[in-house]
Amino acid sequence: MAKAEISEQDLRARVQKLLEEAHPDNVDQFTFRGKQYDHGLAWVHFPEGYGGLGISPGMQAVVTDELSRHCKTMYDDMAINAIGIGMGAPTVLTHGTDWMRDNLLRRIFTGEDIWCQLFSEPSAGSDVAGLATRAARTGDYWTVSGQKVWTSLAHVSSWGMLLARSNPDVPKHLGMSYFLLDMHSPGVEVRPLHQITGEAEFNEVFLTDVKIPADRIMGREGEGWKVAITTLMNERTAIGGAGSTRPGGGAIGALIHLWQSREKGQFSPEMEILLRDRISKLYIESEMLRITSQRARAARKAGNPGPEGSVAKLAQAELNKRLWECAMDILGADSLVYEPGYTRRRPTSRTRESRNALAKYQFLRARANSIEGGTSEVMRNILGERVLGLPGEPRGDKDVPWKNIPRSA
Amino acid sequence: MAKAEISEQDLRARVQKLLEEAHPDNVDQFTFRGKQYDHGLAWVHFPEGYGGLGISPGMQAVVTDELSRHCKTMYDDMAINAIGIGMGAPTVLTHGTDWMRDNLLRRIFTGEDIWCQLFSEPSAGSDVAGLATRAARTGDYWTVSGQKVWTSLAHVSSWGMLLARSNPDVPKHLGMSYFLLDMHSPGVEVRPLHQITGEAEFNEVFLTDVKIPADRIMGREGEGWKVAITTLMNERTAIGGAGSTRPGGGAIGALIHLWQSREKGQFSPEMEILLRDRISKLYIESEMLRITSQRARAARKAGNPGPEGSVAKLAQAELNKRLWECAMDILGADSLVYEPGYTRRRPTSRTRESRNALAKYQFLRARANSIEGGTSEVMRNILGERVLGLPGEPRGDKDVPWKNIPRSA
Amino acid sequence: MEIAFTHEHEELRQTVRRFLEREATEAMVRHLMESQKGYEPRTWERLASELSILGLAIPEQFGGAGFGAVELAIVLEEMGRVLFCGPYFASAVLAVSSLMHLGDDSAKARILPHLASGKTICTLALVEHNGRWDVGSIAMKATQDGNAWRLDGAKDYVIDGQVADIILVAAKAANGLGLFEVERTANGSRCEPLPTLDLTRKLSKLTLSGTPARIISGSGDAARGLEYVLAFAAAMLAAEQVGGAQRCLEMSTEYAKTRLQFGRPIGSFQAIKHKCADMLVETEFARSAAYNAAFAASAGDGKEFIEAAHAAKAYCSEAFFHAAAENIQIHGGMGFTWEHPAHLYFKRARSSSILFGDPLEHRQKLASQLGL
Amino acid sequence: MEIAFTHEHEELRQTVRRFLEREATEAMVRHLMESQKGYEPRTWERLASELSILGLAIPEQFGGAGFGAVELAIVLEEMGRVLFCGPYFASAVLAVSSLMHLGDDSAKARILPHLASGKTICTLALVEHNGRWDVGSIAMKATQDGNAWRLDGAKDYVIDGQVADIILVAAKAANGLGLFEVERTANGSRCEPLPTLDLTRKLSKLTLSGTPARIISGSGDAARGLEYVLAFAAAMLAAEQVGGAQRCLEMSTEYAKTRLQFGRPIGSFQAIKHKCADMLVETEFARSAAYNAAFAASAGDGKEFIEAAHAAKAYCSEAFFHAAAENIQIHGGMGFTWEHPAHLYFKRARSSSILFGDPLEHRQKLASQLGL
């Protein structure tokens with residue numbers, strides 16, 4: 001807070017100083033990003049000493065800009081440690097212990113420690129707070145058993161943000177605690193979970209009598225839900241902000257490209273007109289998604305967050321499915337073929353594939369858009385209740401002890 | 001039951017005998033239909049003495065066929081007394097007193113007494129059983145006060161089938177009674193209710209301290225809901241069975257006719273193709289509605305009623321709206337005009353209007369299809385719960401006294 | 001291009017909203033929709049004197065406020081909310097943009113000040129019997145007779161023609177399309193009201209036989225200018241549609257909160273709640289579409305604006321219609337009565353989706369622009 | 001025309017269903033979809049010996065059961081329910097109907113008995129690289145050389161070509177289209193498996209270079225006959241789609257009854273319940289569409305059948321795809337895993353909607369038939 005007076009020019013000078021000490025084109029990732037952290041240029045809105053300068057988050061763009069002017073090597077936070085940087089770091093900053101802040105934040109930023117999130121369970125999907133993984137205290141340890149699912153990056157992670165039930169005798173939102181789990185602890189088993197595409201983006205994580213030291217809790221015992229909200233808020237922001245940022249870019253750009261490179265004579269003139277109308281419609285909706293997201297950002301900046309942000313997650317999921325369905329229709333009979341065949345790989349980023357193959361992959365992958373990060377049904381509830389103020393449903397799971405709530409096996 | 005052996009030939013002979021006694025081309029409606037009733041040819045599946053012969057309802061078609069061979073004047077039950085014949089008569093037969101059966105059925109069939117149904121209330125739409133019209137017993141009379149709505153034909157009716165709350169201290173389905181209301185009783189006020197089309201197909205009926213003799217109850221006190229189910233079942237059957245009965249007939253036929261008589265040059269070639277695809281799609285759906293209804297009839301006949309019947313009501317309502325929207329798009333700019341302007345008439349049957357004017361009327365009128373006789377939302381609940389066996393919602397209005405249930409003003 | 005309303009914009013919106021809440025009540029709308037003229041002269045006068053919005057998009061030199069598309073869009077959105085009855089769209093949008101884009105200096109100086117003051121009401125007559133909003137379809141004939149012109153032909157669906165003092169008529173002369181000024185009461189001019197589906201917006205049929213007219217679009221071909229005016233009208237109508245959609249969403253939400261069935265508010269049922277959520281998404285998208293077109297219009301009249309206008313009219317038409325239809329459904333039987341305002345929005349939505357081209361047409365034109 | 005199944009029809013359905021419940025389990029489907037051949041020879045043999053359904057639509061004189069389209073539709077609906085893997089559609093539907101409709105007496109007598117017994121597997125190769133199911137697009141060249149014929153060209157998306165002993169190939173001769181019999185292993189024939197989106201139905205690409213062939217469609221032009229075969233295939237595929245849609249509805253309903261979230265079955269939430277209700281409506285309509293086409297086919301091959309076939313393929317494709325997509329959504333994350341069968345139906349639905357023409361094409365052809 002003391003440094004609110006740092007000017008853009010000053011900030012650029014600090015980047016220059018960093019580059020004099022370590023240049024990403026000359027040293028390795030851990031070294032360079034470690035220095036970047038030490039200079040307070042990792043996440044400038046964090047406090048000094050924790051990789052920041054205590055200034056407005058908008059100023060991070062200045063750092064990025066200055067780096068891009070002088071470096072060929074540019075690191076992408078999302079590629080390095082999406083969950084650690086996007087959700088782990090803010091959660092540690094807000095709810096972590098001093099030990100955690102001092103020992104974990106730097107390694108999150110450098111990418112030395114990859115992080116994952118252990119919230120969802122097979123029996124608790126939309127109803128995350130209904131989770132059943134048990135944590136029981138014995139002496140200086142918690143003993144945890146249960147099963148987590150949809151855990152990206154678990155197979156390469158050092159740390160997991162674990163939400164577990166520490167007290168089944170109180171209503172469900174009140175009986176959870178939030179732990180920092182060393183993923184190399186005995187009793188942690190990670191198995192790949194293959195999806196409709198054949199790939200395993202996610203994992204299942206089985207926890208069997210895993211011991212967690214008592215000081216690895218974030219927030220207090222029973223306050224896990226509150227801490228989880230911090231994590232989830234950062235997830236929603238990430239997802240809601242997606243979509244194309246320029247007219248005709250992103251998925252709609254790919255669709256138009258597919259259309260424009262169709263083979264002559266592939267369609268009858270009538271079919272061309274029908275498909276053209278669909279593409280035109282999808283273009284309009286993609287534009288409106290882009291502009292609505294832009295309005296949301298502008299409103300947030302102006303301190304007037306409106307409904308535009310929550311709208312984007314729902315709209316994008318539904319639009320994306322229809323968009324890739326249209327792509328398949330443009331491919332026509334070629335969409336019967338799935339070259340080069342289904343794989344069992346673990347994708348990090350998409351490799352260079354033919355335009356057609358990529359469209360088919362996206363067609364399948366898009367089905368998850370209306371499920372992951374909140375189903376479209378849950379999003380409609382949120383819009384209806386939190387934005388429009390409509391009343392909730394009568395609930396039988398709110399004021400009763402968790403153990404008395406009926407749940408799936 | 002004794003007459004199950006009546007053959008088709010025998011039945012035709014009975015019609016011949018009727019025609020010798022009274023011929024519809026020579027005598028008036030009341031006289032002819034009175035004789036038809038006396039001969040047991042009104043509704044042949046009713047018992048002897050009540051306008052029937054106790055034989056299968058399918059045999060009514062033989063009567064109609066024989067009449068149509070020999071008479072120019074053919075009466076349409078729906079035009080004469082839709083509610084009395086369609087719903088009143090079966091209810092009287094099943095739940096009425098001897099006096100009612102002896103004195104009312106014949107006059108229902110002749111059309112001397114028009115009937116209406118007094119179930120819906122402003123505060124009880126989808127939730128008919130939540131109704132608030134009060135009936136209190138004092139001596140030999142019930143005193144009734146409240147307001148009914150959506151009452152077709154109330155302004156010309158002699159009798160109304162009235163559902164009212166006789167006991168507010170028990171759960172809602174258990175506290176209703178079913179009355180036969182003389183519509184000319186003091187305290188009954190009928191006001192026309194104008195709709196989106198400007199017309200008044202329906203009425204509001206205000207009941208203020210209306211006295212009903214105690215023997216005008218159908219079923220027992222508190223059993224009104226059971227009796228109402230008989231009435232409503234006959235309503236659903238009537239509505240569910242609607243739709244075109246031959247390929248390309250009914251609404252879709254009208255739509256195609258509109259399309260084929262469009263003016264040359266009204267649309268660009270692209271628009272023609274886009275509209276043509278929509279019409280083709282609507283044609284397919286209309287066909288599937290027709291065939292599904294036909295399958296439902298066949299299944300009922302074969303004693304295996306399946307889901308096809310309940311499906312038809314929902315599908316028809318939704319299809320009809322889209323169909324007339326398409327008609328408006330075919331009319332294009334002409335759909336801006338509503339010739340000859342909105343009227344305040346009370347329609348009996350549609351008068352001969354221009355095709356375009358009729359389409360515009362239907363476009364507006366169709367909006368009610370997904371509301372009247374059960375909203376589409378209620379129909380989806382019924383399909384989900386009664387046909388697919390999905391669980392109901394948790395309910396707060398089932399086991400508590402009616403008077404304790406929150407309701408709209 | 002960024003969509004960002006200023007503090008002044010918000011003030012304009014609030015001022016107009018407060019004014020309309022008093023002056024354009026449902027009772028007033030119902031009164032005017034049954035009337036011949038379709039507007040209330042005292043309210044009209046106050047739009048000029050109190051709010052100064054009749055000349056909102058007229059330059060100051062011609063007596064206006066010197067604003068543009070963004071400000072007009074704000075006013076129209078507010079008018080759309082309440083189904084404002086009056087020739088605002090005809091006079092302050094259609095006529096002003098036609099004059100500004102096509103009119104010669106003399107016409108501007110002669111007419112615009114009177115439009116700004118509200119003393120003269122003006123409209124544009126473009127589309128003809130085939131109902132295609134398309135300058136290629138214009139058949140009205142303009143004949144030069146010395147310095148004077150005469151018009152022959154018929155125009156259909158003339159917005160608020162019944163009360164226009166001056167009608168701007170697009171017609172075909174020997175050397176191309178021109179825009180002509182005609183007095184409604186001129187010799188050989190007949191302006192008949194049409195019975196409209198949407199009672200809140202009056203339409204007329206205009207028949208001209210040898211009617212004296214004055215050319216105001218100079219000697220060149222007015223085709224491109226008229227095309228711009230059509231796109232501008234579509235963009236502005238889209239803003240009006242957003243207001244209508246927003247109001248339908250509000251009515252539905254309000255009703256869903258208070259109407260009880262089965263012992264609970266109907267808005268607690270997902271069937272209703274999710275309908276409202278979808279309406280919200282579509283209304284927000286419609287807002288983005290209309291604002292985008294308005295900001296594009298104030299930035300220029302090039303390709304970016306034309307695309308934005310097509311997208312806005314296509315999207316907003318469907319969003320408003322859907323919201324108006326769902327509003328009836330959510331209100332159940334009551335939403336279907338004449339007494340309830342839901343049908344007024346439904347009819348407005350249907351008619352607005354046709355005026356200045358329906359969604360299919362705009363999507364096609366957009367597709368052509370995009371080279372699809 | 002009335003749709004009325006007899007008692008015998010119901011028996012056939014039950015027999016086939018019981019057989020498939022044992023023989024076409026999910027485990028078997030997963031095993032076969034990963035295999036090269038894509039079918040289990042022992043099961044195939046039992047379809048002939050136990051159920052006698054390989055020759056269901058083959059006349060008794062050629063060793064078949066002498067039934068027709070309605071019976072085939074029943075079998076296909078049941079196979080569609082379980083994603084049956086095997087060349088039934090290729091051999092018992094495509095090849096048999098091609099031979100019955102186009103084949104000369106000698107071809108019928110030579111081939112049909114072996115199809116009925118299951119000793120020979122046969123398929124039809126019609127569509128080529130452009131993927132249009134349209135006899136006008138056929139470019140495969142047939143050259144007469146004395147009494148012998150040779151074929152040159154390529155066919156794409158040949159269903160179960162990888163295991164066909166005989167492939168019926170539509171090709172262009174000097175005097176029009178003809179249907180030719182080719183052995184898969186003949187000289188100059190190359191049949192390569194394609195990596196398919198839908199693993200439960202194998203497709204091949206067939207390349208012929210001077211490959212010896214026998215003409216079986218006589219000396220006339222086979223175009224109209226091939227068009228009938230295409231319509232018949234579309235109608236039969238529609239029946240298979242109904243089975244798939246019905247199974248998706250059942251899976252969704254079952255899951256919605258048992259899966260608890262927020263302390264209650266998810267099927268008690270209207271968001272899920274109404275999805276299921278809409279799936280039910282569409283599945284029943286799809287059933288009407290497919291049955292109608294099957295009964296029309298058994299009644300004749302005229303205009304009524306052609307219309308019914310277009311309507312069925314258009315409607316059932318969309319209904320199955322929608323049911324399969326909703327089934328994934330209702331199952332949430334689990335429905336998106338490889339382990340759960342939902343994705344198998346989704347991929348089958350997508351591919352079936354393309355095979356033999358997508359909904360847009362069929363709606364267009366129907367519109368032409370109706371004179372729209």
# chains A, B, ... in the order shown; residues from 1 in each chain; ligands from 1
$ closest_atom_pairs --of "chain C" --to "chain A" --cutoff "9 Å" --atoms "only C-alpha atoms" --output "tab-separated table"
residue	atom	partner	partner_atom	distance
C:Glu2	CA	A:Gln294	CA	8.2
C:Ile3	CA	A:Arg295	CA	7.0
C:Ala4	CA	A:Ala298	CA	7.7
C:Glu250	CA	A:Leu388	CA	8.8
C:Thr253	CA	A:Leu388	CA	7.0
C:Glu254	CA	A:Leu390	CA	8.5
C:Ala256	CA	A:Leu390	CA	7.3
C:Lys257	CA	A:Leu390	CA	5.9
C:Arg264	CA	A:Pro394	CA	8.7
C:Pro265	CA	A:Pro391	CA	7.2
C:Ile266	CA	A:Pro391	CA	8.8
C:Gly267	CA	A:Leu390	CA	5.7
C:Ser268	CA	A:Pro391	CA	5.0
C:Phe269	CA	A:Glu393	CA	6.7
C:Gln270	CA	A:Asn381	CA	7.5
C:Lys273	CA	A:Gly384	CA	5.5
C:His274	CA	A:Arg380	CA	5.5
C:Lys275	CA	A:Arg380	CA	8.6
C:Cys276	CA	A:Gly384	CA	6.5
C:Ala277	CA	A:Gly384	CA	5.2
C:Asp278	CA	A:Arg380	CA	7.4
C:Leu280	CA	A:Val311	CA	7.8
C:Val281	CA	A:Val311	CA	5.6
C:Glu282	CA	A:Ala315	CA	8.9
C:Glu284	CA	A:Glu308	CA	6.8
C:Phe285	CA	A:Met288	CA	5.3
C:Ala286	CA	A:Met288	CA	7.7
C:Arg287	CA	A:Thr292	CA	8.4
C:Ser288	CA	A:Thr292	CA	5.7
C:Ala289	CA	A:Met288	CA	6.1
C:Asn292	CA	A:Ile291	CA	7.7
C:Ala311	CA	A:Ile284	CA	5.7
C:Ala312	CA	A:Ile284	CA	8.3
C:Ala314	CA	A:Ile284	CA	8.4
C:Tyr315	CA	A:Ile284	CA	7.3
C:Leu360	CA	A:Asp277	CA	7.6
C:Arg363	CA	A:Ser280	CA	5.7
C:Gln364	CA	A:Asp277	CA	6.4
C:Leu366	CA	A:Ser280	CA	6.9
C:Ala367	CA	A:Ser280	CA	5.5
C:Leu370	CA	A:Ser280	CA	8.6
C:Gly371	CA	A:Gln260	CA	8.8
C:Leu372	CA	A:Arg276	CA	6.6
$ select_by_dssp --residues "segment 169-307 of chain D" --states "strand (DSSP E or B)" --output "MDAnalysis selection string"
chainID D and resid 169:173 176:183 189:193 196 203:215 260:261 264:265
$ select_by_dssp --residues "segment 114-344 of chain A" --states "alpha helix (DSSP H)" --output "count of residues only"
85
$ residues_around --residues "Leu112 of chain C" --least-positions-apart "6" --cutoff "8 Å" --atoms "only C-alpha atoms" --output "list in words"
Gly55, Ile58, Phe62, Gly63, Gly64, Val96 and Leu99 of chain C
$ residues_around --residues "segment 191-200 of chain D" --least-positions-apart "5" --cutoff "8 Å" --atoms "only C-alpha atoms" --output "PyMOL selection string"
(chain A and resi 335-341) or (chain D and resi 29+32-34+38+83-85+157+161-162+184+205-207+344+347-348+351)
$ atom_distance --atom1 "atom CA of Ile196 of chain A" --atom2 "atom CA of His343 of chain D"
5.8 Å
$ residues_around --residues "Val149 of chain B" --least-positions-apart "4" --cutoff "10 Å" --atoms "only C-alpha atoms" --output "VMD selection string"
(chain B and resid 117 to 125 154 190 to 193 202 to 206) or (chain C and resid 333 to 334)
$ residues_around --residues "Thr91 of chain B" --least-positions-apart "2" --cutoff "9 Å" --atoms "only C-alpha atoms" --output "PyMOL selection string"
chain B and resi 87-89+93-96+218+227-228+230-231+234
$ closest_residue --among "C:Leu12, C:Ile272, C:Val70, C:Cys316" --to "chain D" --atoms "only C-alpha atoms"
C:Ile272
$ atom_distance --atom1 "atom CA of Ser177 of chain A" --atom2 "atom CA of Arg259 of chain D"
25.2 Å
$ decode --residues "segment 152-193 of chain B" --atoms "C-alpha atoms" --output "JSON list (two decimals), in the first residue's frame"
[["chain", "number", "residue", "atom", "x", "y", "z"],
["B", 152, "SER", "CA", -65.76, -20.51, -21.60],
["B", 153, "LEU", "CA", -69.46, -20.18, -22.32],
["B", 154, "ALA", "CA", -70.35, -18.95, -18.80],
["B", 155, "HIS", "CA", -72.41, -16.15, -20.35],
["B", 156, "VAL", "CA", -74.76, -18.60, -22.08],
["B", 157, "SER", "CA", -74.67, -21.45, -19.57],
["B", 158, "SER", "CA", -77.49, -22.87, -17.49],
["B", 159, "TRP", "CA", -75.28, -25.01, -15.31],
["B", 160, "GLY", "CA", -71.73, -24.74, -14.03],
["B", 161, "MET", "CA", -69.47, -27.45, -12.63],
["B", 162, "LEU", "CA", -68.09, -25.69, -9.60],
["B", 163, "LEU", "CA", -65.13, -26.74, -7.49],
["B", 164, "ALA", "CA", -64.93, -24.91, -4.16],
["B", 165, "ARG", "CA", -63.16, -25.21, -0.82],
["B", 166, "SER", "CA", -65.49, -26.60, 1.81],
["B", 167, "ASN", "CA", -62.83, -27.20, 4.45],
["B", 168, "PRO", "CA", -59.71, -24.99, 4.71],
["B", 169, "ASP", "CA", -58.40, -26.89, 7.74],
["B", 170, "VAL", "CA", -57.28, -30.02, 5.92],
["B", 171, "PRO", "CA", -54.61, -30.49, 3.22],
["B", 172, "LYS", "CA", -55.64, -28.87, -0.01],
["B", 173, "HIS", "CA", -56.62, -31.94, -2.03],
["B", 174, "LEU", "CA", -58.92, -33.12, 0.77],
["B", 175, "GLY", "CA", -60.88, -29.94, 1.42],
["B", 176, "MET", "CA", -62.74, -29.39, -1.84],
["B", 177, "SER", "CA", -66.30, -30.23, -2.85],
["B", 178, "TYR", "CA", -67.88, -30.35, -6.28],
["B", 179, "PHE", "CA", -71.15, -28.53, -6.88],
["B", 180, "LEU", "CA", -73.64, -28.17, -9.64],
["B", 181, "LEU", "CA", -74.31, -24.46, -9.88],
["B", 182, "ASP", "CA", -77.44, -22.95, -11.42],
["B", 183, "MET", "CA", -75.84, -20.10, -13.35],
["B", 184, "HIS", "CA", -78.96, -17.98, -12.95],
["B", 185, "SER", "CA", -78.68, -17.98, -9.14],
["B", 186, "PRO", "CA", -78.52, -14.60, -7.44],
["B", 187, "GLY", "CA", -74.93, -13.54, -6.74],
["B", 188, "VAL", "CA", -73.50, -15.01, -9.94],
["B", 189, "GLU", "CA", -71.96, -12.32, -12.10],
["B", 190, "VAL", "CA", -70.35, -13.11, -15.47],
["B", 191, "ARG", "CA", -67.93, -10.67, -17.09],
["B", 192, "PRO", "CA", -66.23, -11.14, -20.45],
["B", 193, "LEU", "CA", -62.45, -11.54, -20.34]]
